[in-house]
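Shown next: input_1.cif, containing mmCIF, C-alpha atoms.
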data_entry
#
loop_
_atom_site.label_atom_id
_atom_site.label_comp_id
_atom_site.auth_asym_id
_atom_site.auth_seq_id
_atom_site.Cartn_x
_atom_site.Cartn_y
_atom_site.Cartn_z
CA MET A 1 -13.08 -72.26 130.07
CA SER A 2 -15.76 -73.26 127.55
CA GLU A 3 -15.98 -71.63 124.17
CA HIS A 4 -18.43 -68.74 123.76
CA ILE A 5 -21.76 -69.94 122.38
CA LEU A 6 -21.45 -67.75 119.28
CA LEU A 7 -18.08 -69.33 118.50
CA LYS A 8 -19.71 -72.75 118.69
CA LYS A 9 -22.19 -71.61 116.04
CA VAL A 10 -19.68 -70.29 113.50
CA SER A 11 -20.18 -71.44 109.90
CA THR A 12 -16.95 -71.40 107.92
CA TYR A 13 -16.44 -70.86 104.22
CA ASN A 14 -13.62 -70.16 101.82
CA ARG A 15 -13.33 -66.53 100.92
CA LYS A 16 -13.94 -66.12 97.22
CA LYS A 17 -11.29 -64.28 95.28
CA LEU A 18 -12.83 -61.67 93.05
CA LYS A 19 -12.12 -62.31 89.40
CA ASP A 20 -13.04 -60.29 86.35
CA PRO A 21 -15.86 -61.99 84.42
CA GLU A 22 -14.48 -63.99 81.53
CA GLY A 23 -14.69 -62.39 78.09
CA CYS A 24 -15.83 -59.07 79.56
CA GLU A 25 -14.36 -55.67 80.20
CA TYR A 26 -15.22 -52.94 82.64
CA ASP A 27 -16.28 -49.76 80.82
CA GLU A 28 -15.23 -46.76 82.90
CA LEU A 29 -17.57 -44.34 81.22
CA ILE A 30 -20.76 -46.36 81.43
CA GLY A 31 -19.84 -47.75 84.85
CA GLY A 32 -20.51 -51.39 84.12
CA TRP A 33 -19.21 -54.64 82.65
CA THR A 34 -19.81 -55.38 78.98
CA ILE A 35 -19.30 -58.53 76.94
CA LYS A 36 -16.37 -57.90 74.60
CA LYS A 37 -17.84 -59.78 71.61
CA THR A 38 -21.30 -58.25 71.62
CA ASN A 39 -20.83 -55.05 73.65
CA GLU A 40 -23.92 -56.06 75.69
CA TYR A 41 -24.33 -55.04 79.32
CA LEU A 42 -23.28 -58.19 81.15
CA VAL A 43 -25.93 -58.08 83.88
CA LYS A 44 -28.71 -57.67 81.31
CA SER A 45 -27.41 -60.35 78.96
CA ASN A 46 -28.35 -64.01 78.74
CA ASP A 47 -24.73 -65.01 79.07
CA PRO A 48 -24.75 -68.18 81.20
CA LYS A 49 -21.42 -67.15 82.72
CA LYS A 50 -22.70 -63.86 84.10
CA PRO A 51 -22.17 -63.53 87.84
CA LYS A 52 -25.07 -64.71 89.95
CA PRO A 53 -26.08 -62.01 92.40
CA GLY A 54 -26.14 -63.14 96.01
CA THR A 55 -28.08 -62.12 99.06
CA LYS A 56 -25.01 -60.22 100.16
CA LYS A 57 -22.79 -58.00 98.12
CA GLU A 58 -20.59 -60.36 96.11
CA ASP A 59 -22.30 -63.13 98.07
CA ILE A 60 -19.87 -62.84 100.92
CA GLU A 61 -21.41 -63.21 104.35
CA THR A 62 -19.65 -60.22 105.81
CA GLY A 63 -22.74 -58.13 106.02
CA GLU A 64 -24.60 -56.36 103.33
CA ASP A 65 -22.27 -53.42 103.00
CA LEU A 66 -19.06 -55.44 102.95
CA LYS A 67 -18.64 -54.62 106.60
CA GLY A 68 -15.57 -56.77 106.83
CA GLU A 69 -13.77 -54.92 104.07
CA MET B 1 -2.65 -29.94 77.65
CA SER B 2 -5.19 -32.65 78.46
CA LYS B 3 -8.20 -32.93 76.14
CA LEU B 4 -10.15 -35.34 78.26
CA GLN B 5 -13.92 -34.97 78.45
CA THR B 6 -15.13 -33.38 81.71
CA ILE B 7 -18.23 -34.86 83.36
CA TYR B 8 -20.45 -32.91 85.76
CA PRO B 9 -22.64 -35.71 87.07
CA GLU B 10 -26.14 -35.35 88.48
CA VAL B 11 -25.78 -38.75 90.13
CA LEU B 12 -22.66 -39.98 91.92
CA ILE B 13 -22.29 -43.65 92.69
CA ILE B 14 -19.67 -44.85 95.17
CA SER B 15 -19.19 -48.55 94.59
CA ASN B 16 -16.55 -51.08 93.66
CA LYS B 17 -15.73 -52.65 90.34
CA HIS B 18 -17.21 -56.07 91.06
CA ASP B 19 -20.45 -54.82 92.58
CA TYR B 20 -22.73 -56.05 89.80
CA SER B 21 -25.86 -54.70 91.49
CA THR B 22 -24.56 -51.26 90.66
CA ASP B 23 -24.36 -52.31 86.99
CA ASN B 24 -28.13 -52.81 87.06
CA VAL B 25 -28.57 -49.23 88.25
CA THR B 26 -26.13 -47.69 85.75
CA TYR B 27 -27.95 -49.60 83.00
CA SER B 28 -31.22 -47.89 83.97
CA LEU B 29 -29.54 -44.51 84.41
CA ARG B 30 -28.22 -44.79 80.84
CA LYS B 31 -31.72 -45.56 79.59
CA TYR B 32 -32.87 -42.34 81.24
CA ASN B 33 -29.98 -40.41 79.63
CA SER B 34 -28.81 -39.39 83.08
CA SER B 35 -25.43 -37.84 83.61
CA TYR B 36 -24.00 -40.14 86.24
CA LEU B 37 -20.58 -41.14 87.45
CA ARG B 38 -19.58 -44.39 89.11
CA LEU B 39 -16.48 -44.17 91.24
CA ASN B 40 -15.10 -47.49 92.38
CA ARG B 41 -13.22 -47.56 95.66
CA ASP B 42 -10.90 -50.24 94.32
CA GLN B 43 -9.84 -47.90 91.52
CA PHE B 44 -9.21 -44.77 93.60
CA GLU B 45 -5.46 -45.32 93.43
CA GLU B 46 -5.63 -45.06 89.63
CA MET B 47 -7.30 -41.62 89.81
CA LYS B 48 -6.16 -38.16 90.71
CA LEU B 49 -8.61 -36.86 93.30
CA ASN B 50 -8.84 -33.42 94.92
CA LEU B 51 -11.60 -32.67 97.39
CA ASP B 52 -12.33 -29.10 98.42
CA PRO B 53 -14.43 -29.55 101.57
CA LEU B 54 -15.69 -25.99 101.76
CA THR B 55 -17.21 -25.26 98.35
CA PRO B 56 -17.68 -28.37 98.32
CA LYS B 57 -16.27 -29.84 95.09
CA LEU B 58 -14.53 -33.06 94.17
CA TYR B 59 -12.21 -32.82 91.18
CA GLY B 60 -11.03 -36.01 89.58
CA GLU B 61 -9.15 -37.33 86.62
CA THR B 62 -8.76 -40.83 85.24
CA SER B 63 -6.96 -41.96 82.11
CA GLU B 64 -10.23 -41.61 80.21
CA TYR B 65 -12.07 -38.57 81.59
CA LYS B 66 -12.14 -35.75 84.09
CA PHE B 67 -14.98 -35.02 86.44
CA ILE B 68 -16.16 -32.34 88.80
CA ILE B 69 -18.65 -33.21 91.53
CA ASP B 70 -20.39 -29.92 92.12
CA GLU B 71 -23.31 -29.66 94.52
CA THR B 72 -25.05 -27.15 92.28
CA LYS B 73 -25.35 -29.86 89.60
CA LEU B 74 -25.42 -32.99 91.74
CA LYS B 75 -28.85 -34.39 92.68
CA SER B 76 -28.02 -37.58 94.51
CA ILE B 77 -25.41 -40.00 95.80
CA TYR B 78 -25.84 -43.78 95.74
CA PHE B 79 -23.48 -44.93 98.45
CA ARG B 80 -22.59 -48.60 98.15
CA ALA B 81 -19.61 -48.54 100.45
CA PRO B 82 -19.02 -49.80 103.98
CA THR B 83 -20.05 -47.71 106.94
CA PHE B 84 -18.76 -49.97 109.67
CA LEU B 85 -15.11 -50.87 109.25
CA ARG B 86 -13.70 -53.79 111.12
CA ASP B 87 -10.38 -54.83 109.75
CA ASN B 88 -8.25 -51.83 108.98
CA TYR B 89 -5.63 -53.13 111.36
CA GLN B 90 -4.39 -56.53 110.36
CA PRO B 91 -0.87 -57.53 111.30
CA GLU B 92 -0.36 -59.51 108.10
CA LEU B 93 -0.93 -56.42 105.96
CA ARG B 94 2.02 -54.26 105.03
CA PRO B 95 1.97 -50.85 106.72
CA VAL B 96 1.15 -49.15 103.43
CA GLU B 97 -1.86 -51.45 102.97
CA GLN B 98 -3.11 -50.73 106.47
CA LEU B 99 -2.64 -47.04 105.83
CA ALA B 100 -4.45 -47.20 102.49
CA ARG B 101 -7.43 -49.00 104.04
CA SER B 102 -7.96 -46.54 106.83
CA GLN B 103 -7.28 -43.41 104.82
CA TRP B 104 -9.35 -44.33 101.75
CA ALA B 105 -12.19 -45.32 104.07
CA ALA B 106 -11.95 -41.86 105.61
CA PHE B 107 -11.90 -40.33 102.13
CA VAL B 108 -15.15 -42.10 101.30
CA ARG B 109 -16.66 -40.78 104.52
CA ALA B 110 -15.45 -37.31 103.56
CA ILE B 111 -17.89 -37.35 100.66
CA SER B 112 -20.42 -36.51 103.38
CA VAL B 113 -19.48 -32.86 102.72
CA PHE B 114 -22.06 -32.98 99.91
CA GLU B 115 -24.81 -32.38 102.43
CA ASN B 116 -27.47 -30.84 100.24
CA VAL B 117 -28.18 -33.73 97.90
CA LYS B 118 -30.29 -36.84 98.27
CA TRP B 119 -28.36 -39.79 99.68
CA PHE B 120 -29.03 -43.51 99.42
CA ASN B 121 -28.13 -43.53 102.30
CA LYS B 122 -26.25 -40.98 104.37
CA PRO B 123 -23.41 -42.89 106.08
CA LYS B 124 -24.15 -41.35 109.49
CA ASN B 125 -27.76 -42.51 109.25
CA THR B 126 -26.70 -45.96 108.07
CA TYR B 127 -24.31 -46.12 111.00
CA GLN B 128 -27.07 -45.48 113.52
CA ALA B 129 -29.65 -47.57 111.71
CA GLU B 130 -27.31 -50.59 111.73
CA ILE B 131 -27.56 -50.75 115.53
CA LYS B 132 -29.98 -53.62 116.01
CA PRO B 133 -31.44 -52.58 119.41
CA PHE B 134 -31.94 -49.04 118.06
CA GLN B 135 -33.84 -50.41 115.05
CA LEU B 136 -36.08 -52.45 117.34
CA LYS B 137 -36.86 -49.43 119.50
CA LYS B 138 -37.74 -47.24 116.51
CA ALA B 139 -39.82 -49.99 114.90
CA ALA B 140 -41.74 -50.49 118.15
CA GLU B 141 -42.41 -46.75 118.40
CA ILE B 142 -44.05 -46.91 114.96
CA GLY B 143 -46.28 -49.77 116.03
CA PHE B 144 -44.55 -52.83 114.59
CA GLU B 145 -44.90 -56.07 116.52
CA ILE B 146 -41.47 -56.89 117.97
CA PRO B 147 -40.29 -60.24 119.30
CA GLU B 148 -39.45 -60.07 123.00
CA THR B 149 -35.75 -59.23 123.10
CA ILE B 150 -32.93 -58.93 125.60
CA ILE B 151 -29.28 -58.08 125.07
CA THR B 152 -27.19 -59.73 127.72
CA ASN B 153 -23.91 -61.26 128.85
CA ASP B 154 -25.70 -63.04 131.72
CA SER B 155 -26.53 -66.65 130.92
CA ASP B 156 -28.92 -67.11 133.87
CA ILE B 157 -31.99 -67.39 131.70
CA ASN B 158 -34.22 -68.28 134.66
CA SER B 159 -33.63 -64.84 136.16
CA LYS B 160 -35.20 -63.21 133.10
CA LYS B 161 -38.84 -62.95 132.11
CA PHE B 162 -38.14 -65.23 129.19
CA ASP B 163 -40.54 -68.11 129.35
CA TYR B 164 -39.57 -70.03 126.21
CA ASN B 165 -38.17 -73.53 125.87
CA ASN B 166 -36.30 -72.54 122.74
CA ILE B 167 -34.64 -69.18 122.29
CA ILE B 168 -33.36 -67.28 119.28
CA LEU B 169 -29.66 -66.47 119.61
CA LYS B 170 -28.19 -63.66 117.52
CA SER B 171 -25.00 -61.70 117.50
CA LEU B 172 -25.29 -58.04 118.41
CA ASP B 173 -23.17 -57.13 115.40
CA THR B 174 -22.01 -59.10 112.37
CA VAL B 175 -19.59 -61.80 113.49
CA LEU B 176 -16.80 -62.16 110.99
CA LEU B 177 -13.83 -64.23 112.08
CA LYS B 178 -10.61 -65.25 110.50
CA LEU B 179 -10.07 -68.95 111.20
CA ASP B 180 -6.81 -70.21 109.73
CA ASN B 181 -7.39 -70.12 105.97
CA LYS B 182 -11.16 -69.71 106.20
CA GLU B 183 -13.63 -67.12 107.34
CA GLY B 184 -16.35 -67.63 109.86
CA PHE B 185 -19.85 -66.17 110.03
CA VAL B 186 -22.65 -66.64 112.55
CA TYR B 187 -26.22 -67.03 111.37
CA THR B 188 -29.25 -66.65 113.62
CA ASN B 189 -29.65 -69.84 115.66
CA THR B 190 -32.37 -71.50 117.70
CA VAL B 191 -31.00 -72.85 120.98
CA SER B 192 -32.46 -74.40 124.12
CA ARG B 193 -32.75 -72.78 127.56
CA ASP B 194 -30.11 -75.23 128.75
CA ASP B 195 -27.78 -74.12 125.97
CA ILE B 196 -28.00 -70.57 127.31
CA ASN B 197 -27.86 -71.56 130.99
CA ASN B 198 -24.73 -73.61 130.37
CA ALA B 199 -23.05 -70.96 128.24
CA ASP B 200 -20.49 -68.46 129.42
CA LEU B 201 -21.62 -65.18 127.92
CA SER B 202 -19.35 -63.03 130.05
CA LYS B 203 -16.82 -62.53 127.26
CA ALA B 204 -19.30 -61.11 124.77
CA PRO B 205 -22.97 -60.06 124.91
CA VAL B 206 -25.60 -61.63 122.67
CA ILE B 207 -29.17 -60.95 121.59
CA LEU B 208 -31.78 -63.39 122.89
CA GLN B 209 -35.22 -63.30 121.33
CA GLN B 210 -38.63 -64.87 121.55
CA PRO B 211 -38.86 -67.72 119.01
CA LEU B 212 -41.31 -67.09 116.17
CA ILE B 213 -41.88 -70.65 115.03
CA PRO B 214 -43.43 -71.56 112.65
CA LYS B 215 -42.83 -68.43 110.60
CA VAL B 216 -42.70 -67.22 107.03
CA ASP B 217 -39.91 -64.74 106.25
CA ILE B 218 -40.80 -61.61 104.33
CA ARG B 219 -38.19 -59.35 102.71
CA VAL B 220 -39.44 -55.84 102.07
CA THR B 221 -37.31 -53.59 99.88
CA VAL B 222 -38.26 -49.96 100.40
CA ILE B 223 -37.11 -47.15 98.12
CA GLU B 224 -38.49 -43.89 99.50
CA ASP B 225 -42.24 -44.60 99.38
CA LYS B 226 -42.06 -47.58 96.99
CA VAL B 227 -42.47 -50.94 98.66
CA PHE B 228 -41.53 -54.32 97.15
CA ALA B 229 -42.30 -57.33 99.32
CA VAL B 230 -41.54 -61.02 98.81
CA SER B 231 -42.23 -64.09 100.87
CA ILE B 232 -39.45 -66.65 101.22
CA LYS B 233 -40.43 -70.29 101.37
CA LYS B 234 -38.99 -73.71 100.79
CA ASP B 235 -41.28 -76.26 99.13
CA GLY B 236 -44.27 -74.03 99.90
CA SER B 237 -43.58 -73.68 103.61
CA GLY B 238 -41.85 -71.15 105.80
CA ILE B 239 -38.31 -71.83 107.00
CA ASP B 240 -38.00 -71.91 110.76
CA LYS B 241 -34.22 -71.49 110.86
CA ASP B 242 -32.23 -68.63 109.32
CA TRP B 243 -33.44 -68.79 105.71
CA ARG B 244 -30.03 -67.76 104.38
CA ILE B 245 -28.75 -71.22 105.28
CA GLU B 246 -31.21 -72.51 102.66
CA LYS B 247 -30.74 -69.65 100.22
CA TYR B 248 -30.11 -71.91 97.21
CA ASN B 249 -33.27 -73.95 97.86
CA VAL B 250 -35.87 -71.27 98.54
CA GLN B 251 -38.60 -69.73 96.42
CA TYR B 252 -39.43 -66.04 96.41
CA GLU B 253 -42.96 -64.84 95.71
CA SER B 254 -44.08 -61.26 95.31
CA ILE B 255 -46.72 -60.35 97.88
CA LYS B 256 -48.80 -57.28 98.61
CA LEU B 257 -48.62 -56.04 102.18
CA SER B 258 -51.55 -54.25 103.78
CA SER B 259 -51.49 -50.49 103.31
CA ASP B 260 -51.01 -50.12 107.07
CA LEU B 261 -47.92 -52.34 107.02
CA GLU B 262 -46.54 -50.60 103.92
CA ARG B 263 -47.04 -47.27 105.66
CA LYS B 264 -45.15 -48.51 108.71
CA CYS B 265 -42.23 -49.67 106.53
CA VAL B 266 -41.99 -46.27 104.81
CA LYS B 267 -42.33 -44.49 108.15
CA LEU B 268 -39.52 -46.53 109.66
CA LEU B 269 -37.17 -45.44 106.89
CA LYS B 270 -38.11 -41.82 107.49
CA LYS B 271 -37.60 -42.19 111.23
CA LEU B 272 -34.13 -43.60 110.62
CA GLY B 273 -33.29 -40.96 108.00
CA LEU B 274 -32.98 -43.53 105.22
CA ASN B 275 -34.12 -43.38 101.60
CA PHE B 276 -33.43 -47.06 101.06
CA GLY B 277 -33.86 -50.03 103.35
CA ALA B 278 -34.37 -53.79 103.22
CA ILE B 279 -36.67 -54.82 106.03
CA ASP B 280 -36.96 -58.39 107.30
CA LEU B 281 -40.35 -59.33 108.71
CA ALA B 282 -41.62 -62.65 110.01
CA TYR B 283 -45.23 -63.74 109.64
CA TYR B 284 -46.06 -65.65 112.82
CA ASN B 285 -49.33 -66.42 114.54
CA ASN B 286 -51.30 -64.24 112.08
CA LYS B 287 -49.14 -61.21 112.76
CA PHE B 288 -46.20 -59.59 111.00
CA TYR B 289 -43.19 -59.09 113.28
CA PHE B 290 -40.32 -56.73 112.63
CA ILE B 291 -37.01 -58.59 112.68
CA GLU B 292 -34.50 -56.07 111.35
CA ILE B 293 -33.72 -53.47 108.74
CA ASN B 294 -30.63 -53.50 106.54
CA PRO B 295 -29.87 -49.94 105.43
CA THR B 296 -27.50 -51.30 102.80
CA GLY B 297 -29.47 -54.46 102.06
CA GLU B 298 -28.84 -56.34 98.87
CA TRP B 299 -31.66 -56.58 96.31
CA SER B 300 -30.33 -57.59 92.91
CA TRP B 301 -30.67 -61.31 93.57
CA LEU B 302 -34.44 -60.74 93.66
CA LEU B 303 -34.55 -59.43 90.08
CA SER B 304 -34.33 -62.90 88.59
CA HIS B 305 -37.01 -64.31 90.90
CA VAL B 306 -39.79 -61.71 90.91
CA ASP B 307 -40.96 -59.11 88.46
CA TYR B 308 -40.03 -56.08 90.53
CA PRO B 309 -38.31 -53.10 88.84
CA ILE B 310 -36.08 -52.41 91.85
CA ASP B 311 -33.07 -51.34 89.76
CA LYS B 312 -35.20 -49.04 87.60
CA THR B 313 -36.87 -47.54 90.68
CA ILE B 314 -33.52 -46.78 92.29
CA ALA B 315 -32.43 -45.04 89.08
CA GLU B 316 -35.70 -43.07 88.96
CA VAL B 317 -35.38 -41.77 92.50
CA LEU B 318 -31.71 -40.91 91.99
CA ILE B 319 -32.53 -38.57 89.09
CA LYS B 320 -35.84 -37.24 90.45
#
Encoded form (structure tokens):
Amino acid sequence: MSEHILLKKVSTYNRKKLKDPEGCEYDELIGGWTIKKTNEYLVKSNDPKKPKPGTKKEDIETGEDLKGE
Amino acid sequence: MSKLQTIYPEVLIISNKHDYSTDNVTYSLRKYNSSYLRLNRDQFEEMKLNLDPLTPKLYGETSEYKFIIDETKLKSIYFRAPTFLRDNYQPELRPVEQLARSQWAAFVRAISVFENVKWFNKPKNTYQAEIKPFQLKKAAEIGFEIPETIITNDSDINSKKFDYNNIILKSLDTVLLKLDNKEGFVYTNTVSRDDINNADLSKAPVILQQPLIPKVDIRVTVIEDKVFAVSIKKDGSGIDKDWRIEKYNVQYESIKLSSDLERKCVKLLKKLGLNFGAIDLAYYNNKFYFIEINPTGEWSWLLSHVDYPIDKTIAEVLIK
């Protein structure tokens, strides 16, 4: 039996492992990541290492609400 | 006796620790001196949580603070958690991990007991709004142009009133597959009539749609009655395939929709019971077509491309 047409169209990728951003810490009270050295909000900083937001949450193609989680 | 500070938030955010879009919102909430609380699902195990479903109140304690979610003080909930769950049962997970997945997911759903606050979005409404054929029906009722669509497991394309040489093939729901050590995902594809005629669809239904080619994709982020639209192009032209395949090579440009189209976008959210939605439109043959709405659509990647205060607007409506 032939493969289903959707299976023929599957794009594969390596699942990214979530890592804490380097040199940063998660601040429980403010609910966000800050850069340890400067205490800046990571997402509002010019730090070149800040995570790039994707078109999906965490840039994983599982659907926009992490449906596969 | 614990001397931890107790927080009574006006805004509750359900997220996870590595969801950096949420950081953009908490940043704005801080600027507005809002009393908010971000609870991360991946940190639930580190907290003590007690939910009284009748009052309703959620009491919590972490190593750093205590909190009480009290509907008399709470204004809104920003719900950045899954609504559809697809992999609670996985044989390779230990029983305790399977149990934790299903039961914490149910705990997150249980937050629905806070009925009398503003939600972005209510999980039950997200659940319904995620159903693609339902979205299409509601969008058509409002007056959106809709591509001709059929949901089928019958590959006999000639028996359908579908007079196109090429056909858009979509999955009815997100396709996420585990393939050895990788994961698989299915984008929207353009296929030929022969591809469909020769396919065996009996094992799983698909969505077939009228091709809108050439097209320009439009992403419309709607927050209550605020509308932020961008066009998505590559080298100045629309992208005929699924633009996400080209997502690292595209340009986003802020555009102003007609007031009629903006009104339709806002109305669609209302009809679906949503306060937030990311709508995909396609501009084809001088008309805007509704493609789909993502009730939990991502938006933060747009912040670095266009000058839209989406994060600030979300914060504003959460504390309004």
### Among the residues B:Phe44, B:Tyr32, B:Tyr65, B:Trp104, the one that comes closest to chain A [using only C-alpha atoms]
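Selected residue with least distance to chain A: B:Tyr65.
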Within 6 Å of chain A: each chain B residue with its shortest pair, only C-alpha atoms, as CSV:
residue,atom,partner,partner_atom,distance
B:Asp23,CA,A:Gly32,CA,4.9
B:Arg38,CA,A:Gly31,CA,5.4
B:Pro82,CA,A:Asp65,CA,5.0
B:Phe84,CA,A:Lys67,CA,5.6
B:Leu85,CA,A:Lys67,CA,5.8
B:Arg86,CA,A:Gly68,CA,5.5
B:Lys182,CA,A:Asn14,CA,5.0
B:Glu183,CA,A:Thr12,CA,5.4
B:Gly184,CA,A:Thr12,CA,4.3
B:Phe185,CA,A:Ser11,CA,5.3
B:Val186,CA,A:Val10,CA,4.8
B:Thr296,CA,A:Asp65,CA,5.6
B:Gly297,CA,A:Glu64,CA,5.4
B:Glu298,CA,A:Lys56,CA,5.6
B:Trp301,CA,A:Pro53,CA,4.8
Counting only C-alpha atoms, select every polymer residue within 12 Å of (-37.5, -66.7, 125.4) as defined in the file's coordinates, and provide the selection as a PDB file with C-alpha atoms, keeping the file's coordinate frame.
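Below you can see selection05.pdb, which holds the result:
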ATOM      1  CA  PRO B 147     -40.290 -60.240 119.300  1.00  0.00           C
ATOM      2  CA  GLU B 148     -39.450 -60.070 123.000  1.00  0.00           C
ATOM      3  CA  THR B 149     -35.750 -59.230 123.100  1.00  0.00           C
ATOM      4  CA  ILE B 150     -32.930 -58.930 125.600  1.00  0.00           C
ATOM      5  CA  ILE B 151     -29.280 -58.080 125.070  1.00  0.00           C
ATOM      6  CA  ILE B 157     -31.990 -67.390 131.700  1.00  0.00           C
ATOM      7  CA  ASN B 158     -34.220 -68.280 134.660  1.00  0.00           C
ATOM      8  CA  SER B 159     -33.630 -64.840 136.160  1.00  0.00           C
ATOM      9  CA  LYS B 160     -35.200 -63.210 133.100  1.00  0.00           C
ATOM     10  CA  LYS B 161     -38.840 -62.950 132.110  1.00  0.00           C
ATOM     11  CA  PHE B 162     -38.140 -65.230 129.190  1.00  0.00           C
ATOM     12  CA  ASP B 163     -40.540 -68.110 129.350  1.00  0.00           C
ATOM     13  CA  TYR B 164     -39.570 -70.030 126.210  1.00  0.00           C
ATOM     14  CA  ASN B 165     -38.170 -73.530 125.870  1.00  0.00           C
ATOM     15  CA  ASN B 166     -36.300 -72.540 122.740  1.00  0.00           C
ATOM     16  CA  ILE B 167     -34.640 -69.180 122.290  1.00  0.00           C
ATOM     17  CA  ILE B 168     -33.360 -67.280 119.280  1.00  0.00           C
ATOM     18  CA  LEU B 169     -29.660 -66.470 119.610  1.00  0.00           C
ATOM     19  CA  THR B 190     -32.370 -71.500 117.700  1.00  0.00           C
ATOM     20  CA  VAL B 191     -31.000 -72.850 120.980  1.00  0.00           C
ATOM     21  CA  SER B 192     -32.460 -74.400 124.120  1.00  0.00           C
ATOM     22  CA  ARG B 193     -32.750 -72.780 127.560  1.00  0.00           C
ATOM     23  CA  ASP B 194     -30.110 -75.230 128.750  1.00  0.00           C
ATOM     24  CA  ILE B 196     -28.000 -70.570 127.310  1.00  0.00           C
ATOM     25  CA  ILE B 207     -29.170 -60.950 121.590  1.00  0.00           C
ATOM     26  CA  LEU B 208     -31.780 -63.390 122.890  1.00  0.00           C
ATOM     27  CA  GLN B 209     -35.220 -63.300 121.330  1.00  0.00           C
ATOM     28  CA  GLN B 210     -38.630 -64.870 121.550  1.00  0.00           C
ATOM     29  CA  PRO B 211     -38.860 -67.720 119.010  1.00  0.00           C
ATOM     30  CA  LEU B 212     -41.310 -67.090 116.170  1.00  0.00           C
ATOM     31  CA  ILE B 213     -41.880 -70.650 115.030  1.00  0.00           C
TER      32      ILE B 213
END
Which neighbours of Val306 (chain B) fall inside 10 Å, counting all atoms listed in the file, when residues of the same chain fewer than 4 positions from it are skipped, and could you give them as a PyMOL selection string? chain B and resi 228-230+251-255+301-302
Got a sec to resolve the PyMOL selection byres ((chain B and resi 75) around 6) on this structure and send the residues as an MDAnalysis selection string?
chainID B and resid 10:11 74 76 117
Write out as number ranges by chain each polymer residue whose atoms come within 7 Å of region 235-247 of chain B, counting only C-alpha atoms; drop sequence neighbours fewer than 3 positions from it.
B: 187-189, 213-217, 232, 250
Separation of CA of Ala105 (chain B) and CA of Trp299 (chain B), in Å?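 Distance between the two atoms: 23.8 Å.
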Hits from the PyMOL selection byres ((chain B and resi 22) around 10), listed as a tab-separated table (two decimals) with C-alpha atoms, in the frame of the given file:
chain	number	residue	atom	x	y	z
A	31	GLY	CA	-19.84	-47.75	84.85
A	32	GLY	CA	-20.51	-51.39	84.12
A	43	VAL	CA	-25.93	-58.08	83.88
B	13	ILE	CA	-22.29	-43.65	92.69
B	14	ILE	CA	-19.67	-44.85	95.17
B	15	SER	CA	-19.19	-48.55	94.59
B	16	ASN	CA	-16.55	-51.08	93.66
B	17	LYS	CA	-15.73	-52.65	90.34
B	18	HIS	CA	-17.21	-56.07	91.06
B	19	ASP	CA	-20.45	-54.82	92.58
B	20	TYR	CA	-22.73	-56.05	89.80
B	21	SER	CA	-25.86	-54.70	91.49
B	23	ASP	CA	-24.36	-52.31	86.99
B	24	ASN	CA	-28.13	-52.81	87.06
B	25	VAL	CA	-28.57	-49.23	88.25
B	26	THR	CA	-26.13	-47.69	85.75
B	27	TYR	CA	-27.95	-49.60	83.00
B	38	ARG	CA	-19.58	-44.39	89.11
B	78	TYR	CA	-25.84	-43.78	95.74
B	80	ARG	CA	-22.59	-48.60	98.15
B	300	SER	CA	-30.33	-57.59	92.91
B	311	ASP	CA	-33.07	-51.34	89.76
I'd like the neighbourhood of Gln5 (chain B) as JSON, numbers by chain, where a residue qualifies if any of its atoms comes within 12 Å (using all atoms listed in the file), though same-chain residues fewer than 4 positions away should be ignored.
{"A": [29], "B": [60, 61, 62, 63, 64, 65, 66, 67, 68]}
Please write the residues from the selection above to a file, keeping C-alpha atoms, as a PDB file, keeping the file's coordinate frame.
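Ended up saving to out-v1.pdb:
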ATOM      1  CA  LEU A  29     -17.570 -44.340  81.220  1.00  0.00           C
TER       2      LEU A  29
ATOM      3  CA  GLY B  60     -11.030 -36.010  89.580  1.00  0.00           C
ATOM      4  CA  GLU B  61      -9.150 -37.330  86.620  1.00  0.00           C
ATOM      5  CA  THR B  62      -8.760 -40.830  85.240  1.00  0.00           C
ATOM      6  CA  SER B  63      -6.960 -41.960  82.110  1.00  0.00           C
ATOM      7  CA  GLU B  64     -10.230 -41.610  80.210  1.00  0.00           C
ATOM      8  CA  TYR B  65     -12.070 -38.570  81.590  1.00  0.00           C
ATOM      9  CA  LYS B  66     -12.140 -35.750  84.090  1.00  0.00           C
ATOM     10  CA  PHE B  67     -14.980 -35.020  86.440  1.00  0.00           C
ATOM     11  CA  ILE B  68     -16.160 -32.340  88.800  1.00  0.00           C
TER      12      ILE B  68
END
Next on the checklist: What does the structure give for the distance between CA of Ala129 (chain B) and CA of Gly143 (chain B), in Å to one decimal?
Outcome noted: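 Separation of CA of Ala129 (chain B) and CA of Gly143 (chain B): 17.3 Å.
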Could the centre and edge lengths of an axis-aligned box, enclosing all atoms of region 24-30 of chain A in the file with 6 Å extra on each side, be given in Å to one decimal as JSON?
{"center_x": -17.6, "center_y": -51.7, "center_z": 81.2, "size_x": 18.4, "size_y": 26.7, "size_z": 15.3}
(request) List the residues selected by the PyMOL selection byres ((chain B and resi 265) around 9) in the file shown, writing them as a PyMOL selection string. (result) chain B and resi 139+144+220+222+225+227+260-264+266-270+277+279
